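**Q** Just so it is clear, I am handing over my_file_29.txt, which has compact mmCIF, C-alpha atoms.
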# COMPACT_ATOMS: atom_id res chain seq x y z
CA LEU A 6 5.97 13.47 -8.88
CA ASP A 7 4.74 10.78 -6.56
CA PRO A 8 7.43 10.03 -3.94
CA LYS A 9 6.67 6.31 -4.31
CA TYR A 10 7.93 4.27 -7.24
CA LEU A 11 5.70 2.15 -9.43
CA GLU A 12 7.31 -1.29 -9.51
CA PHE A 13 7.42 -3.34 -12.73
CA GLU A 14 9.19 -6.46 -11.50
CA VAL A 15 8.35 -8.45 -14.64
CA LEU A 16 10.18 -5.82 -16.71
CA GLY A 17 12.90 -5.34 -14.11
CA MET A 18 12.43 -1.60 -13.66
CA ARG A 19 10.58 1.07 -11.72
CA PHE A 20 9.88 4.80 -11.99
CA ARG A 21 8.01 7.59 -10.20
CA PRO A 22 4.76 8.60 -11.90
CA PRO A 23 3.06 11.99 -11.62
CA VAL A 24 1.01 12.40 -8.45
CA GLN A 25 -2.61 11.18 -8.51
CA SER A 26 -1.85 8.48 -11.06
CA ILE A 27 -3.74 5.20 -11.22
CA MET A 28 -2.53 2.04 -12.92
CA ARG A 29 -4.02 -1.20 -14.20
CA ALA A 30 -2.33 -4.24 -15.71
CA ASP A 31 -3.36 -6.36 -18.69
CA GLY A 32 -1.86 -9.72 -19.60
CA SER A 33 0.86 -11.66 -17.85
CA GLY A 34 4.60 -12.18 -17.97
CA ILE A 35 6.78 -10.35 -20.45
CA THR A 36 3.79 -9.72 -22.75
CA ALA A 37 1.95 -7.77 -20.03
CA GLN A 38 1.06 -4.11 -20.55
CA TRP A 39 0.25 -1.44 -18.00
CA THR A 40 -2.00 1.60 -18.41
CA ILE A 41 -1.36 4.64 -16.22
CA SER A 42 -3.58 7.71 -16.22
CA GLU A 43 -4.21 10.79 -14.16
CA ARG A 44 -7.00 10.50 -11.61
CA ALA A 45 -9.07 13.25 -13.29
CA ASP A 46 -11.97 13.52 -15.70
CA PRO A 47 -10.73 13.82 -18.35
CA PRO A 48 -7.12 12.85 -17.57
CA ARG A 49 -4.40 15.06 -19.03
CA PHE A 50 -2.33 12.02 -19.96
CA VAL A 51 -2.68 8.30 -20.57
CA LEU A 52 0.47 6.16 -20.54
CA ARG A 53 0.98 2.60 -21.71
CA VAL A 54 4.04 0.64 -20.55
CA SER A 55 5.24 -2.42 -22.46
CA ARG A 56 8.26 -4.42 -23.56
CA LEU A 57 9.46 -4.20 -27.16
CA VAL A 58 11.66 -6.74 -28.94
CA ALA A 59 13.10 -5.40 -32.19
CA SER A 60 13.04 -7.57 -35.30
CA ASP A 61 16.77 -6.95 -35.87
CA ALA A 62 19.38 -8.61 -33.68
CA THR A 63 20.65 -5.21 -32.60
CA SER A 64 18.95 -1.83 -32.56
CA THR A 65 18.84 1.45 -30.64
CA PRO A 66 16.09 3.75 -29.38
CA ALA A 67 17.03 6.25 -32.11
CA GLN A 68 16.66 3.60 -34.81
CA GLN A 69 13.28 2.56 -33.42
CA ILE A 70 12.10 6.18 -33.58
CA ASP A 71 13.44 6.60 -37.12
CA ALA A 72 11.51 3.53 -38.24
CA TYR A 73 8.31 4.73 -36.57
CA VAL A 74 8.46 8.25 -38.04
CA LYS A 75 9.19 6.83 -41.49
CA SER A 76 6.27 4.38 -41.37
CA VAL A 77 3.74 7.00 -40.23
CA SER A 78 4.99 9.64 -42.67
CA GLU A 79 4.60 7.25 -45.59
CA ARG A 80 1.15 6.08 -44.56
CA PRO A 81 -1.38 7.35 -47.16
CA SER A 82 -4.13 9.42 -45.52
CA PRO A 83 -5.42 12.50 -47.37
CA ASN A 84 -7.10 14.03 -44.29
CA ALA A 85 -4.22 13.44 -41.85
CA VAL A 86 -1.41 15.83 -40.92
CA PHE A 87 1.54 14.26 -39.06
CA ALA A 88 4.42 16.23 -37.56
CA VAL A 89 7.30 15.66 -35.15
CA ARG A 90 6.90 18.07 -32.21
CA SER A 91 10.09 17.23 -30.34
CA ARG A 92 12.79 14.60 -30.25
CA LYS A 93 15.55 13.91 -27.73
CA GLU A 94 18.22 11.25 -27.47
CA PHE A 95 20.18 10.81 -24.25
CA GLU A 96 21.54 8.27 -21.78
CA LEU A 97 19.88 7.18 -18.56
CA ASP A 98 22.31 5.53 -16.14
CA GLY A 99 24.50 4.63 -19.11
CA ARG A 100 21.65 3.16 -21.16
CA PRO A 101 20.59 4.65 -24.52
CA ALA A 102 17.20 6.37 -24.35
CA ALA A 103 15.04 8.52 -26.59
CA LEU A 104 11.90 10.62 -26.25
CA LEU A 105 9.67 11.52 -29.18
CA TYR A 106 6.48 13.60 -29.37
CA THR A 107 4.40 13.79 -32.53
CA SER A 108 1.13 15.49 -33.41
CA LEU A 109 -1.53 13.96 -35.59
CA ARG A 110 -4.58 15.79 -36.93
CA GLU A 111 -7.21 13.80 -38.80
CA GLY A 112 -10.56 14.70 -40.32
CA THR A 113 -12.01 18.06 -41.22
CA GLY A 114 -14.44 20.53 -39.68
CA ASP A 115 -16.46 19.21 -36.74
CA ASP A 116 -14.99 15.74 -37.30
CA GLU A 117 -11.39 16.91 -36.84
CA ILE A 118 -9.42 15.06 -34.17
CA SER A 119 -6.09 16.36 -32.89
CA ALA A 120 -3.80 14.75 -30.33
CA VAL A 121 -0.17 14.55 -29.29
CA GLN A 122 1.42 11.13 -28.98
CA GLY A 123 4.71 10.45 -27.26
CA TYR A 124 7.18 7.57 -26.98
CA PHE A 125 9.86 7.12 -24.34
CA ILE A 126 12.22 4.24 -25.18
CA LEU A 127 14.93 2.84 -22.91
CA GLN A 128 17.32 0.10 -24.04
CA PHE A 129 17.59 -3.02 -21.86
CA ALA A 130 19.45 -5.39 -24.23
CA PRO A 131 20.79 -5.29 -27.82
CA ASN A 132 17.26 -5.67 -29.23
CA GLU A 133 15.04 -5.25 -26.13
CA PHE A 134 13.45 -2.05 -24.88
CA VAL A 135 10.94 -0.70 -22.41
CA VAL A 136 8.50 1.63 -24.15
CA ILE A 137 6.14 4.12 -22.53
CA SER A 138 3.69 5.55 -25.03
CA SER A 139 1.71 8.62 -24.04
CA LEU A 140 -1.39 10.35 -25.30
CA LEU A 141 -1.92 14.05 -24.50
CA ALA A 142 -4.38 16.74 -25.48
CA GLU A 143 -2.91 19.45 -27.71
CA GLN A 144 -3.55 22.18 -25.13
CA ASP A 145 -1.70 20.24 -22.41
CA PHE A 146 1.42 19.42 -24.41
CA ALA A 147 3.71 22.19 -23.14
CA SER A 148 3.17 21.55 -19.43
CA VAL A 149 2.44 17.82 -19.34
CA SER A 150 5.31 16.77 -21.62
CA GLN A 151 7.79 18.37 -19.21
CA LEU A 152 6.13 16.60 -16.27
CA LEU A 153 6.30 13.25 -18.04
CA GLU A 154 9.94 13.68 -18.99
CA ARG A 155 10.82 14.30 -15.34
CA SER A 156 8.89 11.14 -14.49
CA PHE A 157 10.57 9.01 -17.18
CA ARG A 158 14.03 10.16 -16.09
CA THR A 159 13.45 8.61 -12.64
CA MET A 160 13.41 5.13 -14.20
CA GLN A 161 15.73 2.64 -12.51
CA VAL A 162 16.69 -0.73 -13.98
CA ALA A 163 17.12 -3.64 -11.58
CA ASN A 164 20.03 -6.06 -11.53
CA GLN A 165 18.50 -9.28 -12.87
CA ALA A 166 20.57 -11.60 -10.68
CA ALA A 167 19.68 -9.61 -7.56
CA LEU A 168 16.04 -9.58 -8.62
CA ALA A 169 16.01 -13.37 -8.99
CA ASP A 170 17.61 -13.77 -5.55
CA GLU A 171 15.04 -11.41 -4.04
CA ARG A 172 12.18 -13.35 -5.62
CA SER A 173 13.43 -16.73 -4.39
CA GLY A 174 14.03 -15.27 -0.93
CA ARG A 175 10.44 -14.03 -0.76
CA ILE A 176 9.07 -17.43 -1.72
CA ALA A 177 11.30 -19.10 0.89
CA ARG A 178 9.99 -16.76 3.61
CA GLY A 179 6.40 -17.33 2.50
CA ASP A 180 6.87 -21.09 2.47
CA HIS A 181 8.46 -21.02 5.94
CA LEU A 182 5.49 -19.04 7.25
CA LEU A 183 2.95 -21.46 5.77
CA ARG A 184 4.75 -24.59 6.97
CA GLY A 185 4.49 -23.23 10.51
CA LEU A 186 0.69 -22.94 10.35
CA ASP A 187 -0.76 -25.73 12.47
CA GLU A 188 -4.38 -25.82 13.63
CA GLU A 189 -3.62 -23.70 16.68
CA ALA A 190 -2.04 -20.98 14.55
CA MET A 191 -4.90 -21.11 12.05
CA ARG A 192 -7.48 -20.78 14.80
CA ARG A 193 -5.95 -17.46 15.85
CA ALA A 194 -7.38 -16.05 12.61
CA LEU A 195 -10.98 -16.82 13.68
CA ASP A 196 -13.37 -14.07 14.71
CA PRO A 197 -14.25 -14.34 18.42
CA VAL A 198 -17.49 -16.01 19.47
CA GLY A 199 -19.93 -14.18 21.73
CA ALA A 200 -19.84 -14.26 25.54
CA LYS A 201 -22.51 -16.97 25.56
CA GLY A 202 -21.00 -18.94 22.69
CA GLU A 203 -23.07 -17.32 19.95
CA ALA A 204 -21.65 -17.19 16.43
CA PRO A 205 -19.28 -14.31 15.61
CA ALA A 206 -20.89 -11.21 14.14
CA PRO A 207 -19.71 -10.21 10.66
CA ARG A 208 -17.42 -7.22 10.25
CA TRP A 209 -18.85 -4.42 8.09
CA TYR A 210 -16.99 -2.31 5.54
CA ARG A 211 -18.00 0.73 3.53
CA ILE A 212 -16.75 0.93 -0.07
CA THR A 213 -16.26 4.40 -1.58
CA ARG A 214 -14.56 6.09 -4.50
CA VAL A 215 -13.56 9.73 -4.95
CA ASP A 216 -14.93 11.13 -8.22
CA ALA A 217 -13.26 13.67 -10.51
CA THR A 218 -14.74 16.58 -8.53
CA GLY A 219 -13.28 15.31 -5.26
CA ASP A 220 -16.58 14.09 -3.82
CA VAL A 221 -16.69 10.78 -1.95
CA LYS A 222 -19.24 8.44 -3.52
CA ASP A 223 -20.60 5.27 -1.94
CA VAL A 224 -20.16 2.43 -4.42
CA GLY A 225 -20.80 -0.60 -2.22
CA TYR A 226 -20.36 -2.40 1.06
CA MET A 227 -18.90 -5.66 2.30
CA THR A 228 -19.27 -8.00 5.26
CA MET A 229 -16.75 -10.61 6.35
CA VAL A 230 -16.71 -13.27 9.04
CA VAL A 231 -14.15 -16.00 9.77
CA ILE A 232 -15.43 -19.10 11.59
CA ASP A 233 -14.74 -22.75 12.43
CA ALA A 234 -17.02 -24.72 10.09
CA ALA A 235 -17.53 -27.89 8.11
CA GLN A 236 -16.69 -27.81 4.42
CA GLY A 237 -20.37 -28.30 3.59
CA LEU A 238 -21.16 -24.76 4.75
CA ALA A 239 -19.05 -23.45 1.87
CA ASN A 240 -21.64 -24.75 -0.60
CA PRO A 241 -25.04 -23.04 -0.15
CA ASP A 242 -26.62 -25.53 -2.57
CA ARG A 243 -26.03 -28.50 -0.25
CA ARG A 244 -28.19 -29.36 2.76
CA GLU A 245 -26.43 -30.74 5.83
CA SER A 246 -28.30 -34.03 5.49
CA GLU A 247 -26.64 -34.47 2.07
CA TRP A 248 -23.07 -33.87 3.20
CA SER A 249 -20.43 -36.46 2.32
CA LYS A 250 -17.63 -37.54 4.64
CA ASN A 251 -15.35 -34.86 3.19
CA GLU A 252 -18.02 -32.20 3.57
CA LYS A 253 -18.26 -32.96 7.28
CA GLU A 254 -14.57 -32.24 7.84
CA ARG A 255 -13.91 -29.02 9.71
CA GLY A 256 -11.63 -26.13 8.96
CA LEU A 257 -11.42 -22.37 8.57
CA LEU A 258 -14.28 -20.73 6.64
CA VAL A 259 -14.28 -17.14 5.37
CA ARG A 260 -17.70 -15.88 4.37
CA MET A 261 -18.02 -12.61 2.47
CA GLN A 262 -20.99 -10.69 1.13
CA VAL A 263 -20.48 -7.74 -1.19
CA ARG A 264 -22.95 -5.31 -2.75
CA THR A 265 -21.58 -3.17 -5.59
CA LEU A 266 -23.58 -0.32 -7.15
CA LEU A 267 -23.51 -0.35 -10.94
CA ASP A 268 -24.98 3.13 -11.36
CA ALA A 269 -25.14 6.31 -9.29
CA THR A 270 -28.75 5.81 -8.18
CA GLY A 271 -28.41 2.18 -7.14
CA THR A 272 -31.14 0.95 -9.49
CA ALA A 273 -28.62 -1.58 -10.81
CA PHE A 274 -26.29 -3.44 -8.49
CA SER A 275 -24.37 -6.67 -8.02
CA ASP A 276 -24.64 -8.97 -4.99
CA THR A 277 -21.83 -11.45 -4.33
CA GLU A 278 -21.89 -14.28 -1.80
CA ALA A 279 -18.48 -15.94 -1.40
CA ARG A 280 -17.47 -18.78 0.91
CA TYR A 281 -13.86 -19.98 1.17
CA TRP A 282 -12.88 -23.04 3.21
CA THR A 283 -9.61 -24.80 4.00
CA ARG A 284 -9.09 -27.80 6.27
CA TRP A 285 -7.19 -27.25 9.51
CA ASP A 286 -4.16 -29.18 8.24
CA ARG A 287 -4.28 -27.12 4.98
CA GLY A 288 -4.54 -30.37 2.99
CA ARG A 289 -7.73 -29.49 1.10
CA GLU A 290 -9.69 -26.39 0.12
CA PHE A 291 -13.06 -25.58 -1.40
CA TRP A 292 -14.85 -22.38 -2.34
CA THR A 293 -17.96 -21.05 -4.04
CA VAL A 294 -18.59 -17.53 -5.34
CA ARG A 295 -22.05 -16.55 -6.56
CA SER A 296 -22.60 -13.12 -8.12
CA THR A 297 -26.04 -11.82 -9.12
CA ILE A 298 -26.55 -8.66 -11.16
CA ARG A 299 -29.91 -7.03 -10.51
CA LYS A 300 -31.66 -4.27 -12.45
CA ASP A 301 -35.32 -3.55 -11.82
CA ARG A 302 -36.91 -7.03 -11.79
CA ALA A 303 -34.30 -8.70 -13.98
CA SER A 304 -31.37 -10.64 -12.58
CA SER A 305 -28.48 -12.76 -13.85
CA THR A 306 -26.29 -15.05 -11.75
CA SER A 307 -22.78 -16.40 -12.39
CA THR A 308 -20.96 -18.92 -10.21
CA GLN A 309 -17.39 -19.99 -9.53
CA LEU A 310 -16.37 -23.26 -7.86
CA GLY A 311 -12.86 -24.04 -6.65
CA ILE A 312 -11.57 -27.40 -5.38
CA ARG A 313 -8.17 -28.60 -4.22
CA SER A 314 -8.23 -32.27 -3.33
CA GLU A 315 -5.68 -34.45 -1.59
CA PRO A 316 -3.12 -36.40 -3.64
CA THR A 317 -4.14 -39.85 -4.85
CA SER A 318 -2.23 -42.78 -6.34
CA GLY A 319 -3.40 -41.71 -9.78
CA SER A 320 -2.60 -38.05 -9.10
CA PRO A 321 0.26 -37.87 -6.60
CA ARG A 322 0.51 -34.10 -6.90
CA PRO A 323 -2.46 -32.03 -5.65
CA ILE A 324 -4.45 -30.28 -8.38
CA LEU A 325 -6.40 -27.04 -8.12
CA GLU A 326 -9.55 -26.96 -10.26
CA VAL A 327 -11.60 -23.81 -10.89
CA ALA A 328 -14.86 -23.87 -12.84
CA ASP A 329 -16.96 -20.87 -13.92
CA VAL A 330 -20.60 -20.92 -14.96
CA VAL A 331 -21.71 -17.72 -16.72
CA PRO A 332 -25.24 -17.12 -18.08
CA ASN A 333 -25.64 -17.21 -21.87
CA GLU A 334 -22.12 -18.59 -22.34
CA VAL A 335 -21.12 -22.08 -23.39
CA ALA A 336 -19.84 -24.10 -20.45
CA THR A 337 -16.09 -24.68 -20.50
CA GLU A 338 -13.85 -27.29 -18.92
CA PRO A 339 -12.54 -26.43 -15.45
CA ARG A 340 -9.10 -24.87 -15.41
CA ARG A 341 -6.48 -27.00 -13.66
CA TRP A 342 -3.09 -26.29 -12.14
CA PRO A 343 -0.64 -28.59 -10.31
CA ILE A 344 -0.02 -27.17 -6.85
CA PRO A 345 3.53 -25.79 -6.43
CA GLU A 346 5.66 -27.73 -3.98
CA VAL A 347 6.50 -24.59 -1.99
CA GLY A 348 4.65 -21.44 -0.98
CA TYR A 349 1.08 -22.35 -1.99
CA LEU A 350 -1.53 -20.10 -0.35
CA SER A 351 -5.20 -21.13 -0.31
CA GLN A 352 -8.01 -18.67 -1.06
CA ALA A 353 -9.25 -18.71 2.54
CA GLU A 354 -5.74 -18.07 3.86
CA SER A 355 -5.19 -15.23 1.39
CA LEU A 356 -8.16 -13.38 2.85
CA VAL A 357 -6.92 -13.61 6.45
CA LEU A 358 -3.18 -13.51 5.72
CA PRO A 359 -2.47 -10.41 7.86
CA ARG A 360 -3.94 -12.31 10.83
CA LEU A 361 -1.40 -15.09 10.23
CA PHE A 362 1.66 -12.85 9.94
CA PRO A 363 4.11 -12.82 12.86
CA LYS A 364 4.72 -9.61 14.77
CA VAL A 365 7.72 -7.81 13.27
CA ASP A 366 9.56 -4.57 14.04
CA ALA A 367 10.97 -4.01 10.54
CA PRO A 368 9.52 -4.31 7.01
CA ILE A 369 9.53 -7.81 5.55
CA ASP A 370 8.11 -9.23 2.35
CA TYR A 371 6.75 -12.69 1.57
CA GLY A 372 6.14 -14.50 -1.69
CA PHE A 373 3.42 -17.05 -2.36
CA TYR A 374 1.70 -18.91 -5.18
CA CYS A 375 -2.02 -18.22 -5.13
CA PHE A 376 -5.03 -18.29 -7.46
CA ASP A 377 -5.80 -14.74 -8.59
CA PRO A 378 -9.54 -14.31 -9.31
CA ARG A 379 -9.07 -11.15 -11.36
CA SER A 380 -6.69 -12.65 -13.92
CA GLY A 381 -8.04 -16.19 -13.50
CA ARG A 382 -4.66 -17.86 -13.07
CA LEU A 383 -2.32 -19.35 -10.50
CA ALA A 384 0.32 -16.68 -10.02
CA GLN A 385 3.08 -15.42 -7.77
CA ARG A 386 1.86 -13.03 -5.12
CA VAL A 387 3.85 -10.56 -3.00
CA ASP A 388 2.92 -9.23 0.44
CA ARG A 389 5.04 -6.63 2.22
CA GLN A 390 4.41 -6.15 5.96
CA THR A 391 5.50 -2.83 7.48
CA PRO A 392 4.95 -2.11 11.20
CA THR A 393 3.29 1.13 12.30
CA ALA A 394 2.44 2.61 15.70
CA LYS A 395 -1.02 1.02 15.72
CA GLY A 396 -0.69 -2.04 13.51
CA TYR A 397 0.73 -2.82 10.09
CA ASN A 398 0.65 -1.54 6.55
CA ILE A 399 0.33 -4.41 4.09
CA ALA A 400 1.15 -3.86 0.40
CA THR A 401 -0.20 -6.74 -1.69
CA GLN A 402 0.46 -7.54 -5.34
CA THR A 403 -1.90 -10.35 -6.29
CA THR A 404 0.32 -11.02 -9.32
CA LEU A 405 3.79 -9.77 -10.21
CA GLU A 406 2.18 -7.57 -12.87
CA ALA A 407 -0.53 -6.07 -10.66
CA PRO A 408 -0.23 -2.72 -8.90
CA ALA A 409 -0.02 -2.96 -5.13
CA ILE A 410 -3.15 -2.86 -2.97
CA ALA A 411 -2.52 -0.88 0.23
CA GLN A 412 -4.07 -2.23 3.43
CA PHE A 413 -3.93 -1.02 7.01
CA VAL A 414 -4.61 -3.63 9.69
CA ASP A 415 -4.60 -3.52 13.47
CA GLU A 416 -2.12 -5.40 15.65
CA ARG A 417 -4.17 -8.58 15.31
CA GLY A 418 -4.28 -8.28 11.53
CA ILE A 419 -7.93 -7.20 11.28
CA LEU A 420 -8.57 -5.10 8.17
CA LEU A 421 -9.31 -1.45 8.90
CA LYS A 422 -8.77 0.17 5.48
CA ARG A 423 -7.87 -0.94 1.96
CA SER A 424 -7.08 1.22 -1.08
CA SER A 425 -7.17 -0.52 -4.46
CA ASP A 426 -5.72 0.38 -7.85
CA ASP A 427 -9.18 1.19 -9.23
CA GLY A 428 -9.51 4.08 -6.78
CA SER A 429 -11.93 2.32 -4.44
CA VAL A 430 -11.44 2.48 -0.67
CA ILE A 431 -12.78 -0.07 1.83
CA GLU A 432 -13.07 1.14 5.44
CA ALA A 433 -14.30 -0.58 8.58
CA THR A 434 -17.66 0.64 9.91
CA THR A 435 -20.70 -0.83 11.66
CA GLY A 436 -23.82 -2.32 10.14
CA GLN A 437 -26.03 0.28 11.81
CA ALA A 438 -23.92 3.22 10.65
CA LEU A 439 -23.88 1.89 7.10
CA LEU A 440 -27.63 1.24 7.09
CA GLU A 441 -28.40 4.77 8.25
CA LEU A 442 -26.01 6.29 5.69
CA TRP A 443 -27.44 4.31 2.77
CA GLN A 444 -31.02 4.99 3.79
CA LYS A 445 -30.20 8.70 3.97
CA LYS A 446 -28.76 8.56 0.45
CA GLY A 447 -31.66 6.49 -0.90
CA LEU A 448 -29.43 3.56 -1.82
CA PRO A 449 -30.71 -0.07 -1.87
CA THR A 450 -30.39 -1.86 1.48
CA LYS A 451 -32.55 -4.94 0.83
In structure tokens, how does this file's structure come out?
**A**
Amino acid sequence: LDPKYLEFEVLGMRFRPPVQSIMRADGSGITAQWTISERADPPRFVLRVSRLVASDATSTPAQQIDAYVKSVSERPSPNAVFAVRSRKEFELDGRPAALLYTSLREGTGDDEISAVQGYFILQFAPNEFVVISSLLAEQDFASVSQLLERSFRTMQVANQAALADERSGRIARGDHLLRGLDEEAMRRALDPVGAKGEAPAPRWYRITRVDATGDVKDVGYMTMVVIDAAQGLANPDRRESEWSKNEKERGLLVRMQVRTLLDATGTAFSDTEARYWTRWDRGREFWTVRSTIRKDRASSTSTQLGIRSEPTSGSPRPILEVADVVPNEVATEPRRWPIPEVGYLSQAESLVLPRLFPKVDAPIDYGFYCFDPRSGRLAQRVDRQTPTAKGYNIATQTTLEAPAIAQFVDERGILLKRSSDDGSVIEATTGQALLELWQKKGLPTK
């Protein structure tokens, strides 16, 4: 098993998965679901974690299993054979639990499909449960089912009152950090200008992923630069002569360019240009993200625009607005969220957050409210800072449901390596080294 626990704060539990597991989250809050699979092709198991509320006021894991077996057994299907492979009922830290494995064979001849499906159920309340469903190949049942049972039995349930205190403490620490960010502190996140005052050079990053055979594959690259700039520079569609008074205000600008390969040969790829700006007093923010998918001579571009304006008499509470324009889709109204009174983190700040952290000699975690581009919502975010001999490890959950992204940064907070839940790894390199590598591999560099 993996020595590290997978944390499910929304469900109030955690457990240790098998080694080389990857996880993704779908949905939000108590309706969220998580998919965990082995990092192999094909994986020997696929797990799905969710919360179950029984229709009856009280129930047990055993009763839930009885109801499931009865419903499947009575389902009319002339070409299906259903059987219970194993069933266990036990207690886990004093809580009722059950584990069921069934086999289902459908179809005939070449169309026959056979699989083993499992259900681990742990009781949290009189009619509430955590359920982990599993899907295994028939030939892997004997070995993998034992591995999964060992994994499920590591599950720990959190004390809800302690969890709430921990969450509020994180937000308080995050808010304290942000309230201490004046212009001088923000400027420490800037990339250094050249010896003769020339603009900072962008930092280059190689993006790779290990395939099922263990080979490292290049899947993209990224550049990033953090500068002092006017808001107008965050909008590539606006000329400087057109800038309004607001667009002339200065602040911190993060500019990122990302190329992502969409196939192994690089004949199809996506180019993203993103610019994130926040004013020095953190009172306003603005960003644009433009992504273009290219294949042969065809291309398609989508755009995102984000704005947080200052309070007005008509709107005394700041509002964040995010608008998306996607080709061949009907335009929709911008999404809007009132800004939380504590712990709000702008997009620009979120990208340079390790540069803003204080130096610590023990692990510490912070909580923030921040727009999450992946889920498209304003959500709680968690960042845990752990000191190392040469910098810091930063574990970031962009939402409470999301798996943690592992980052290693130097003592100044500059990103050196990032490992994401999708298996991709971002590592610092140089533009020349990346150019030579991609040219050698025949990948697109223009």
**Q** Residues within 12 Å of (10.4, -5.5, 10.9), file coordinates, counting only C-alpha atoms: what are they? Give the list as a PyMOL selection string.
**A** chain A and resi 362-370+389-393+396-398
**Q** Using only C-alpha atoms, tabulate the residues of range 282-348 of chain A lying at most 6 Å from any atom of range 242-259 of chain A, each with its closest atom pair and that distance in Å to one decimal, by chain and increasing residue number, as CSV.
**A**
residue,atom,partner,partner_atom,distance
A:Trp282,CA,A:Leu258,CA,4.4
A:Thr283,CA,A:Leu257,CA,5.5
A:Arg284,CA,A:Gly256,CA,4.1
A:Trp285,CA,A:Gly256,CA,4.6
**Q** Take CA of Leu266 in chain A and CA of Arg302 in chain A and report the distance between them in Å, one decimal.
**A** 15.6 Å
**Q** Could you list, as a PDB file with C-alpha atoms, keeping the file's coordinate frame, every residue within 9 Å of Gln309 in chain A, counting all atoms listed in the file and ignoring same-chain residues fewer than 3 positions away?
**A**
ATOM      1  CA  TRP A 292     -14.850 -22.380  -2.340  1.00  0.00           C
ATOM      2  CA  THR A 293     -17.960 -21.050  -4.040  1.00  0.00           C
ATOM      3  CA  VAL A 294     -18.590 -17.530  -5.340  1.00  0.00           C
ATOM      4  CA  ARG A 295     -22.050 -16.550  -6.560  1.00  0.00           C
ATOM      5  CA  SER A 296     -22.600 -13.120  -8.120  1.00  0.00           C
ATOM      6  CA  VAL A 327     -11.600 -23.810 -10.890  1.00  0.00           C
ATOM      7  CA  ALA A 328     -14.860 -23.870 -12.840  1.00  0.00           C
ATOM      8  CA  ASP A 329     -16.960 -20.870 -13.920  1.00  0.00           C
ATOM      9  CA  VAL A 330     -20.600 -20.920 -14.960  1.00  0.00           C
ATOM     10  CA  VAL A 331     -21.710 -17.720 -16.720  1.00  0.00           C
TER      11      VAL A 331
END
**Q** Between A:Ser173, A:Gln128, A:Thr265, A:Gln38, which one has atoms that come closest to Ser429 in chain A, using only C-alpha atoms?
**A** A:Thr265
**Q** Report the distance between CA of Asp223 in chain A and CA of Asp415 in chain A in Å, rounded to one decimal place.
**A**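 These two atoms are separated by 23.9 Å.
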**Q** Between CA of Gln161 in chain A and CA of Arg423 in chain A, what distance in Å does the model show, to one decimal?
**A** 27.9 Å
**Q** I want to know what sits within 8 Å of range 59-73 of chain A, based on only C-alpha atoms, with residues of the same chain fewer than 6 positions away left out; could you give that as JSON, numbers by chain?
**A** {"A": [94, 101, 102, 103, 105, 126, 127, 128, 131, 132, 133, 134]}
**Q** For Asp427 in chain A, work out the shell of residues within 8 Å, counting all atoms listed in the file and skipping chain neighbours fewer than 6 positions away, then give it as a ChimeraX atom specification.
**A** /A:27-29
**Q** For a quick check of understanding, using all atoms listed in the file, which of A:Gly348, A:Pro23, A:Pro241, A:Pro408 has the smallest distance to Gly428 in chain A?
**A**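 Once distances to Gly428 in chain A are computed over all atoms listed in the file, the minimum belongs to A:Pro408.
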**Q** Identify, on the basis of only C-alpha atoms, every residue whose closest approach to Asn164 in chain A does not exceed 12 Å; exclude the query and any residue fewer than 3 positions from it along the same chain; express the result as JSON, numbers by chain.
**A** {"A": [14, 16, 17, 18, 19, 129, 161, 167, 168, 169, 170, 171]}
**Q** Which residues, written as a CSV table (one decimal) with C-alpha atoms, in the frame of the given file, have at least one atom at most 10 Å from Ala190 in chain A, with all atoms listed in the file counted and residues fewer than 4 positions away on the same chain left out?
**A**
chain,number,residue,atom,x,y,z
A,185,GLY,CA,4.5,-23.2,10.5
A,186,LEU,CA,0.7,-22.9,10.4
A,194,ALA,CA,-7.4,-16.0,12.6
A,195,LEU,CA,-11.0,-16.8,13.7
A,285,TRP,CA,-7.2,-27.2,9.5
A,360,ARG,CA,-3.9,-12.3,10.8
A,361,LEU,CA,-1.4,-15.1,10.2
**Q** Between A:Leu440, A:Leu358, A:Met160, A:Ala166, which residue has the minimum interatomic distance to Gln412 in chain A, considering only C-alpha atoms?
**A**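 The shortest atom-to-atom distance to Gln412 in chain A comes from A:Leu358.
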**Q** With all atoms listed in the file as the atoms that count, which of A:Gly319, A:Pro345, A:Pro332, A:Pro197 lies nearest to Ala384 in chain A?
**A**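 Checking each of A:Gly319, A:Pro345, A:Pro332, A:Pro197 against Ala384 in chain A, counting all atoms listed in the file, the winner is A:Pro345.
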**Q** Which polymer residues, whether protein, DNA or RNA, lie within 10 Å of the coordinate (7.2, 14.1, -5.9) when you count all atoms listed in the file? List them as a list of chain:residue names, using the chain letters and numbers from the file.
**A** A:Leu6, A:Asp7, A:Pro8, A:Lys9, A:Tyr10, A:Arg21, A:Pro22, A:Pro23, A:Val24, A:Ser156
**Q** Select, from A:Arg211, A:Thr272, A:Thr218, A:Gln385, the residue with the minimum atom-to-atom distance to Ala303 in chain A, counting only C-alpha atoms.
**A**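 Counting only C-alpha atoms, the residue closest to Ala303 in chain A is A:Thr272.
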**Q** Could you check the closest approach to Ala163 in chain A for each of A:Tyr210, A:Thr403, A:Phe20, A:Pro339 and tell me which residue wins, using all atoms listed in the file?
**A**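 Ranked by minimum distance to Ala163 in chain A, first place goes to A:Phe20.
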